[in-house]
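Undergrad: protein_3.txt (compact mmCIF, C-alpha atoms) pasted underneath:
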```txt
# COMPACT_ATOMS: atom_id res chain seq x y z
CA MET A 1 -126.17 -88.78 18.75
CA LYS A 2 -123.04 -90.34 20.23
CA SER A 3 -119.98 -90.25 17.97
CA PRO A 4 -118.36 -93.61 17.17
CA ASP A 5 -115.11 -94.55 18.85
CA VAL A 6 -113.38 -95.50 15.58
CA SER A 7 -114.00 -94.64 11.94
CA VAL A 8 -112.60 -97.24 9.54
CA ILE A 9 -112.09 -95.66 6.12
CA ILE A 10 -111.80 -98.02 3.13
CA PRO A 11 -110.92 -96.50 -0.27
CA VAL A 12 -111.72 -98.81 -3.18
CA PHE A 13 -111.19 -98.81 -6.93
CA ASN A 14 -112.40 -101.81 -8.97
CA ARG A 15 -111.98 -104.36 -6.18
CA ALA A 16 -115.56 -105.48 -5.66
CA ALA A 17 -114.39 -109.09 -5.41
CA LEU A 18 -112.18 -108.31 -2.40
CA LEU A 19 -114.07 -105.52 -0.65
CA SER A 20 -116.52 -107.65 1.36
CA ARG A 21 -113.68 -109.35 3.23
CA ALA A 22 -112.23 -106.00 4.32
CA ILE A 23 -115.62 -104.69 5.47
CA LYS A 24 -116.46 -107.83 7.44
CA SER A 25 -113.11 -107.72 9.20
CA ALA A 26 -113.66 -104.12 10.29
CA LEU A 27 -117.08 -104.91 11.72
CA VAL A 28 -115.96 -107.77 13.97
CA GLU A 29 -116.12 -105.88 17.27
CA ASP A 30 -118.36 -106.75 20.23
CA GLY A 31 -119.68 -103.90 22.37
CA PHE A 32 -117.64 -101.31 20.54
CA ASP A 33 -119.03 -98.35 18.63
CA LEU A 34 -117.52 -97.88 15.19
CA GLU A 35 -118.41 -96.76 11.69
CA VAL A 36 -117.17 -98.12 8.38
CA ILE A 37 -116.92 -95.68 5.47
CA VAL A 38 -116.29 -97.03 1.97
CA VAL A 39 -115.18 -94.48 -0.62
CA ASP A 40 -115.72 -95.71 -4.18
CA ASP A 41 -113.08 -93.92 -6.23
CA GLY A 42 -114.82 -94.15 -9.60
CA SER A 43 -115.04 -97.96 -9.83
CA THR A 44 -116.77 -99.69 -12.74
CA ASP A 45 -117.47 -103.02 -11.01
CA ASN A 46 -120.60 -102.13 -8.96
CA ILE A 47 -119.20 -101.50 -5.50
CA ALA A 48 -122.72 -100.66 -4.28
CA SER A 49 -123.77 -104.28 -4.70
CA VAL A 50 -121.07 -105.26 -2.18
CA THR A 51 -121.90 -102.66 0.46
CA LYS A 52 -125.72 -102.93 0.24
CA PRO A 53 -126.05 -106.19 2.26
CA PHE A 54 -124.32 -104.51 5.23
CA GLY A 55 -127.11 -101.94 5.47
CA ALA A 56 -126.64 -98.95 7.76
CA ARG A 57 -123.46 -100.41 9.24
CA VAL A 58 -121.53 -99.26 6.16
CA LYS A 59 -121.67 -95.82 4.59
CA LEU A 60 -120.87 -95.71 0.86
CA ILE A 61 -119.55 -92.55 -0.75
CA SER A 62 -118.89 -92.32 -4.49
CA GLN A 63 -116.61 -89.91 -6.31
CA ILE A 64 -114.94 -89.60 -9.70
CA ASN A 65 -111.59 -91.35 -9.88
CA SER A 66 -109.13 -89.12 -8.01
CA GLY A 67 -106.64 -91.51 -6.43
CA SER A 68 -106.36 -93.28 -3.10
CA SER A 69 -105.22 -90.25 -1.09
CA ALA A 70 -108.15 -88.17 -2.31
CA ALA A 71 -110.50 -91.05 -1.46
CA ARG A 72 -109.11 -91.29 2.07
CA ASN A 73 -109.49 -87.54 2.53
CA ARG A 74 -113.08 -87.76 1.31
CA GLY A 75 -113.68 -90.46 3.90
CA LEU A 76 -112.19 -88.18 6.55
CA ASP A 77 -114.65 -85.47 5.60
CA GLU A 78 -117.50 -87.88 6.41
CA ALA A 79 -115.96 -89.52 9.50
CA HIS A 80 -117.17 -88.84 13.05
CA GLY A 81 -114.94 -91.16 15.07
CA LYS A 82 -112.56 -90.07 17.80
CA TYR A 83 -110.01 -92.41 16.22
CA ILE A 84 -109.32 -93.14 12.57
CA ARG A 85 -108.08 -96.28 10.82
CA PHE A 86 -107.34 -96.50 7.10
CA LEU A 87 -107.88 -99.98 5.65
CA ASP A 88 -107.12 -100.79 2.02
CA SER A 89 -109.85 -102.72 0.25
CA ASP A 90 -107.69 -105.81 -0.36
CA ASP A 91 -106.36 -106.09 3.23
CA TRP A 92 -108.20 -107.18 6.35
CA LEU A 93 -108.13 -106.83 10.13
CA LEU A 94 -108.15 -109.50 12.81
CA PRO A 95 -111.11 -109.60 15.23
CA GLY A 96 -111.19 -107.07 18.05
CA VAL A 97 -108.12 -105.03 17.11
CA ASN A 98 -109.93 -101.66 17.09
CA SER A 99 -110.94 -101.82 20.75
CA LEU A 100 -107.64 -103.39 21.80
CA GLN A 101 -105.58 -100.67 20.14
CA VAL A 102 -107.77 -97.91 21.55
CA LYS A 103 -107.17 -99.24 25.07
CA HIS A 104 -103.43 -99.57 24.45
CA LEU A 105 -103.13 -96.08 22.98
CA GLU A 106 -105.10 -94.41 25.77
CA SER A 107 -103.12 -96.17 28.49
CA SER A 108 -99.77 -95.37 26.84
CA GLY A 109 -100.22 -91.61 26.63
CA ALA A 110 -98.74 -91.64 23.12
CA ASP A 111 -100.23 -89.94 20.07
CA ILE A 112 -100.20 -92.83 17.58
CA CYS A 113 -100.47 -96.60 17.96
CA PHE A 114 -99.09 -99.12 15.46
CA GLY A 115 -99.22 -102.91 15.43
CA ASP A 116 -97.71 -105.91 13.68
CA TRP A 117 -98.90 -107.76 10.58
CA ARG A 118 -98.46 -110.73 8.31
CA GLU A 119 -98.58 -111.07 4.54
CA ALA A 120 -101.28 -113.24 2.98
CA CYS A 121 -101.85 -114.73 -0.45
CA ASP A 122 -104.63 -116.58 -2.25
CA ALA A 123 -103.48 -120.14 -1.60
CA PRO A 124 -100.82 -120.65 1.09
CA LYS A 125 -98.94 -123.93 0.87
CA ASP A 126 -100.68 -126.80 2.68
CA GLY A 127 -103.48 -124.38 3.52
CA VAL A 128 -101.34 -123.04 6.34
CA GLU A 129 -100.23 -119.44 6.71
CA HIS A 130 -96.43 -119.41 6.71
CA SER A 131 -95.71 -115.68 6.56
CA LYS A 132 -93.62 -114.45 9.43
CA LEU A 133 -94.88 -111.75 11.73
CA HIS A 134 -93.62 -108.36 10.55
CA SER A 135 -93.05 -105.46 12.91
CA LEU A 136 -91.89 -101.87 12.63
CA ALA A 137 -90.75 -102.07 16.25
CA PRO A 138 -88.55 -101.38 18.00
CA ILE A 139 -88.06 -97.77 16.94
CA ASP A 140 -86.32 -95.12 19.01
CA ASP A 141 -87.05 -92.41 16.45
CA PRO A 142 -89.95 -92.76 13.95
CA VAL A 143 -88.32 -90.27 11.55
CA THR A 144 -85.12 -92.32 11.37
CA ALA A 145 -87.11 -95.54 10.86
CA LEU A 146 -89.21 -94.09 8.04
CA LEU A 147 -86.29 -92.38 6.33
CA GLY A 148 -84.58 -95.75 6.45
CA SER A 149 -87.49 -97.36 4.59
CA LYS A 150 -89.01 -99.15 7.60
CA TRP A 151 -92.66 -99.47 6.75
CA CYS A 152 -95.92 -101.09 7.79
CA PRO A 153 -99.33 -101.14 6.06
CA THR A 154 -101.72 -98.28 6.75
CA PHE A 155 -104.16 -100.54 8.62
CA CYS A 156 -101.55 -101.07 11.35
CA TYR A 157 -101.97 -97.48 12.57
CA LEU A 158 -104.69 -96.25 14.91
CA LEU A 159 -104.78 -92.45 14.79
CA PRO A 160 -106.66 -89.86 16.86
CA ARG A 161 -108.70 -87.66 14.56
CA GLN A 162 -107.01 -84.52 15.85
CA VAL A 163 -103.59 -85.93 14.90
CA VAL A 164 -104.69 -86.58 11.31
CA ASP A 165 -106.24 -83.10 11.10
CA LYS A 166 -103.02 -81.49 12.37
CA ILE A 167 -101.15 -82.51 9.19
CA GLY A 168 -104.10 -81.79 6.89
CA GLY A 169 -104.95 -85.39 6.09
CA TRP A 170 -103.36 -87.36 3.29
CA PRO A 171 -100.96 -85.68 0.83
CA ARG A 172 -102.58 -83.91 -2.13
CA ASP A 173 -99.63 -84.52 -4.47
CA VAL A 174 -100.98 -87.12 -6.93
CA SER A 175 -97.45 -87.85 -8.19
CA LEU A 176 -96.72 -89.67 -4.91
CA GLY A 177 -98.96 -92.50 -6.09
CA PRO A 178 -97.86 -95.79 -4.46
CA THR A 179 -95.70 -94.01 -1.87
CA ASP A 180 -98.44 -91.79 -0.44
CA ASP A 181 -98.60 -93.98 2.69
CA LEU A 182 -94.93 -93.34 3.45
CA ALA A 183 -95.43 -89.61 2.87
CA PHE A 184 -98.45 -89.58 5.22
CA VAL A 185 -96.78 -91.38 8.14
CA LEU A 186 -93.50 -89.48 7.70
CA ALA A 187 -95.46 -86.22 7.92
CA LEU A 188 -96.85 -87.42 11.26
CA ALA A 189 -93.38 -88.31 12.52
CA LEU A 190 -91.92 -84.98 11.42
CA GLU A 191 -94.62 -83.23 13.49
CA LYS A 192 -93.04 -84.94 16.53
CA PHE A 193 -96.09 -87.02 17.39
CA THR A 194 -95.17 -89.90 19.67
CA PHE A 195 -95.63 -93.51 18.56
CA THR A 196 -96.42 -96.55 20.70
CA HIS A 197 -96.10 -100.15 19.59
CA PHE A 198 -99.03 -102.52 20.14
CA PRO A 199 -97.20 -105.88 20.18
CA LEU A 200 -99.89 -108.03 18.58
CA ASP A 201 -100.89 -109.15 15.10
CA ILE A 202 -103.28 -106.57 13.60
CA GLY A 203 -104.19 -107.98 10.21
CA ARG A 204 -103.20 -109.21 6.79
CA TYR A 205 -101.41 -107.39 3.99
CA TYR A 206 -102.66 -109.08 0.83
CA GLN A 207 -100.12 -110.08 -1.81
CA HIS A 208 -101.89 -110.46 -5.13
CA ALA A 209 -101.04 -113.48 -7.24
CA GLY A 210 -98.52 -112.60 -9.93
CA THR A 211 -97.88 -109.09 -8.66
CA ARG A 212 -94.61 -107.77 -10.09
CA LEU A 213 -93.07 -104.33 -10.47
CA SER A 214 -92.81 -103.48 -14.17
CA ARG A 215 -90.03 -101.24 -15.43
CA LYS A 216 -92.54 -98.38 -15.78
CA SER A 217 -94.00 -98.79 -12.29
CA LEU A 218 -90.53 -99.07 -10.78
CA VAL A 219 -89.63 -95.69 -12.28
CA VAL A 220 -92.88 -94.15 -10.97
CA TRP A 221 -92.32 -95.58 -7.49
CA SER A 222 -88.68 -94.44 -7.39
CA GLN A 223 -89.47 -90.91 -8.56
CA ALA A 224 -92.20 -90.61 -5.93
CA ALA A 225 -89.86 -91.88 -3.20
CA LEU A 226 -87.24 -89.33 -4.24
CA THR A 227 -89.88 -86.58 -3.98
CA ILE A 228 -90.61 -87.67 -0.40
CA TYR A 229 -86.93 -87.74 0.63
CA ARG A 230 -86.34 -84.37 -1.00
CA SER A 231 -89.27 -82.86 0.89
CA ALA A 232 -88.20 -84.44 4.20
CA THR A 233 -84.70 -83.03 3.72
CA THR A 234 -86.13 -79.54 3.23
CA THR A 235 -88.28 -79.90 6.36
CA LEU A 236 -85.40 -81.15 8.52
CA ASP A 237 -83.14 -78.38 7.22
CA ALA A 238 -85.74 -75.74 8.12
CA ARG A 239 -86.36 -77.16 11.60
CA SER A 240 -82.73 -77.99 12.43
CA GLY A 241 -84.06 -81.50 12.89
CA TRP A 242 -81.08 -83.53 11.76
CA THR A 243 -79.41 -86.19 13.87
CA GLU A 244 -76.58 -88.43 12.75
CA THR A 245 -78.87 -91.47 12.66
CA ARG A 246 -81.36 -89.61 10.46
CA ARG A 247 -78.56 -88.59 8.09
CA LEU A 248 -77.31 -92.16 7.80
CA ALA A 249 -80.82 -93.55 7.32
CA ILE A 250 -81.73 -91.24 4.45
CA ALA A 251 -78.29 -91.69 2.89
CA ALA A 252 -78.80 -95.46 2.76
CA SER A 253 -82.26 -95.00 1.22
CA LEU A 254 -80.97 -92.51 -1.34
CA LEU A 255 -78.23 -94.93 -2.36
CA ARG A 256 -80.79 -97.70 -2.87
CA LEU A 257 -82.84 -95.34 -5.04
CA ALA A 258 -79.73 -94.28 -6.96
CA LYS A 259 -78.95 -97.91 -7.78
CA ILE A 260 -82.47 -98.33 -9.17
CA PHE A 261 -82.17 -95.16 -11.23
CA PHE A 262 -78.72 -96.02 -12.60
CA GLY A 263 -80.05 -98.14 -15.44
CA LEU A 264 -83.26 -96.13 -15.87
CA ASP A 265 -82.63 -92.42 -15.45
CA LYS A 266 -79.12 -91.03 -15.07
CA LEU A 267 -80.32 -87.55 -14.13
CA ARG A 268 -82.30 -88.95 -11.19
CA PHE A 269 -79.31 -91.12 -10.28
CA ARG A 270 -77.12 -88.03 -10.04
CA GLU A 271 -79.77 -86.15 -8.07
CA CYS A 272 -79.89 -88.97 -5.50
CA ILE A 273 -76.12 -89.00 -5.15
CA SER A 274 -75.96 -85.21 -4.91
CA LEU A 275 -78.58 -85.16 -2.15
CA LEU A 276 -76.88 -88.05 -0.35
CA SER A 277 -73.52 -86.26 -0.44
CA ARG A 278 -75.01 -83.04 0.89
CA VAL A 279 -77.04 -84.62 3.70
CA SER A 280 -74.40 -87.10 4.84
CA PRO A 281 -70.97 -86.22 3.41
CA GLY A 282 -69.25 -88.79 5.62
CA TYR A 283 -71.51 -91.67 4.60
CA ARG A 284 -69.69 -94.94 3.89
CA PRO A 285 -71.59 -97.23 1.49
CA PRO A 286 -71.89 -100.89 2.48
CA GLY A 287 -69.63 -103.51 0.92
CA ARG A 288 -65.82 -103.46 1.07
CA ILE A 289 -65.26 -103.60 -2.68
CA TYR A 290 -68.04 -101.15 -3.49
CA SER A 291 -66.81 -98.69 -0.87
CA LYS A 292 -63.29 -98.81 -2.31
CA LEU A 293 -64.60 -98.25 -5.83
CA VAL A 294 -66.60 -95.24 -4.68
CA ASP A 295 -63.56 -93.80 -2.90
CA ALA A 296 -61.44 -94.22 -6.03
CA PHE A 297 -63.87 -93.32 -8.81
CA GLY A 298 -67.07 -91.87 -7.35
CA TYR A 299 -70.53 -93.41 -7.33
CA GLU A 300 -71.34 -93.20 -11.05
CA ARG A 301 -68.09 -94.72 -12.24
CA ALA A 302 -68.30 -97.38 -9.53
CA GLU A 303 -71.75 -98.40 -10.75
CA SER A 304 -70.48 -98.52 -14.35
CA LEU A 305 -67.60 -100.79 -13.37
CA LEU A 306 -69.90 -103.08 -11.43
CA GLU A 307 -72.28 -103.26 -14.38
CA ILE A 308 -69.40 -104.32 -16.64
CA ARG A 309 -68.49 -106.98 -14.06
CA ARG A 310 -72.07 -108.25 -13.96
CA ARG A 311 -72.20 -108.50 -17.75
CA MET A 312 -68.95 -110.43 -17.83
CA ARG A 313 -70.27 -112.84 -15.21
CA ARG A 314 -73.44 -113.41 -17.22
CA ARG A 315 -71.38 -114.00 -20.36
CA PHE A 316 -69.08 -116.60 -18.87
CA HIS A 317 -71.58 -118.09 -16.41
CA PRO A 318 -74.88 -118.32 -18.32
CA PRO A 319 -77.95 -119.22 -16.23
CA TYR A 320 -78.36 -122.86 -17.39
```
Would you mind writing the structure in this file as structure tokens?

TA:
Amino acid sequence: MKSPDVSVIIPVFNRAALLSRAIKSALVEDGFDLEVIVVDDGSTDNIASVTKPFGARVKLISQINSGSSAARNRGLDEAHGKYIRFLDSDDWLLPGVNSLQVKHLESSGADICFGDWREACDAPKDGVEHSKLHSLAPIDDPVTALLGSKWCPTFCYLLPRQVVDKIGGWPRDVSLGPTDDLAFVLALALEKFTFTHFPLDIGRYYQHAGTRLSRKSLVVWSQAALTIYRSATTTLDARSGWTETRRLAIAASLLRLAKIFFGLDKLRFRECISLLSRVSPGYRPPGRIYSKLVDAFGYERAESLLEIRRRMRRRFHPPY
């Protein structure tokens, strides 16, 4: 039996209400052989009732709740496509993008193809989609871009199966949680795979109504991001892979993380600053006043002084 051209892998956990839209979007391809694999990661909202109407066009796999990375890897185990796309259950693709990206990737000679995207919400104003087109391009060096927090949703990437297998699939570290997508793509970039930009709109990144980062989730996200930057630093050290632009990119990201940690976890704040200072000792933080404070007092004291300033401003300029 002929293998499909593309395997679209959709992990899902308790999103039965949104899943059908994602599946339908993946199947909109004329004259193109693909398979859609849905991995139910221990849902309690009857995912099978959503996939059943699609019949043999959709393969449903169920597992105990193990996290999104484990679900994607389970989908990989079942996939037969030459190319792989990972689509989150709340996002969706535009018609025909699988075949278009395959053609672009094969003609480019690159290893990985990525496209552009827009954000979407439940009820755009006036019924019209106003979100701007987002793009990771242009990038001269994928490692620099990713270390500098440039990001695009997982569905934007079309990946040859052999490329995904080379890095062992998605990361097994469950502590990475919401940053596992960054860890996955950064691992690809660190393996020196080449990236090509497909300059068209690929799909929609769904913004849930009322979605906000809580204090707890912000700490989890920040700790996971620090784990990724720490690991990337170790890899680049071992491979003599540093360039000045990579050093500056990770330094800027570490400073952003440090600022988040300052009011949440001082030990993590100090770890970020220590790693920043080691990787890029000549780094100059942005902002004339902030840079001068850092020069005079160091990062921790500078943040303390700025916090005092912010409190004073709130005291004498209340928000009403």

Undergrad: Please identify all polymer residues lying at most 9 Å from the point (-114.5, -103.2, 19.0) (file coordinates), using only C-alpha atoms, and present the result as a PyMOL selection string.

TA: chain A and resi 5-6+26-34+95-100+102

Undergrad: Work out how far atom CA of Val220 of chain A is from atom CA of Gly298 of chain A, in Å to one decimal.

TA: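 Those two atoms sit 26.2 Å apart.
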
Undergrad: Would you work out the distance separating atom CA of Lys292 of chain A from atom CA of Glu244 of chain A, expressed in Å to one decimal?

TA: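 Atom CA of Glu244 of chain A lies 22.6 Å from atom CA of Lys292 of chain A.
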
Undergrad: Please measure the separation of atom CA of Glu106 of chain A and atom CA of Thr194 of chain A, giving the value in Å to one decimal.

TA: 12.5 Å

Undergrad: Which residues, written as number ranges by chain, have at least one atom at most 10 Å from segment 56-64 of chain A, with all atoms listed in the file counted and residues fewer than 6 positions away on the same chain left out?

TA: A: 8-12, 23, 27, 34-43, 47-48, 70-71, 74-75, 78-79

Undergrad: Please provide the set of residues having any atom within 10 Å of Thr227 of chain A, restricted to all atoms listed in the file, with same-chain residues fewer than 5 positions apart removed, written as an mmCIF file with C-alpha atoms, keeping the file's coordinate frame.

TA:
```
data_model
loop_
_atom_site.group_PDB
_atom_site.id
_atom_site.type_symbol
_atom_site.label_atom_id
_atom_site.label_comp_id
_atom_site.auth_asym_id
_atom_site.auth_seq_id
_atom_site.Cartn_x
_atom_site.Cartn_y
_atom_site.Cartn_z
ATOM 1 C CA ASP A 173 -99.630 -84.520 -4.470
ATOM 2 C CA SER A 175 -97.450 -87.850 -8.190
ATOM 3 C CA LEU A 176 -96.720 -89.670 -4.910
ATOM 4 C CA THR A 179 -95.700 -94.010 -1.870
ATOM 5 C CA ALA A 183 -95.430 -89.610 2.870
ATOM 6 C CA TRP A 221 -92.320 -95.580 -7.490
ATOM 7 C CA SER A 222 -88.680 -94.440 -7.390
ATOM 8 C CA ALA A 232 -88.200 -84.440 4.200
ATOM 9 C CA THR A 233 -84.700 -83.030 3.720
#
```

Undergrad: Nearest to Leu306 of chain A: which of A:Pro4, A:Arg284, A:Lys259, A:Leu200 is it, counting only C-alpha atoms?

TA: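 That would be A:Lys259, the residue with the smallest distance to Leu306 of chain A.
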
Undergrad: Residues near Gly282 of chain A, anyone? I mean within 10 Å using all atoms listed in the file, not counting same-chain ones fewer than 6 positions away, as an NGL selection string.

TA: :A and (247-248 or 251 or 276)

Undergrad: In terms of the shortest atom-to-atom distance over only C-alpha atoms, which of A:Ile250, A:Ala189, A:Ala224, A:Ser108 is closest to Arg278 of chain A?

TA: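 For Arg278 of chain A, the nearest of the given residues is A:Ile250.
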
Undergrad: Pick out the closest residue to Leu236 of chain A from this set: A:Arg15, A:Lys192, A:Arg85, A:Arg172. Count all atoms listed in the file.

TA: A:Lys192
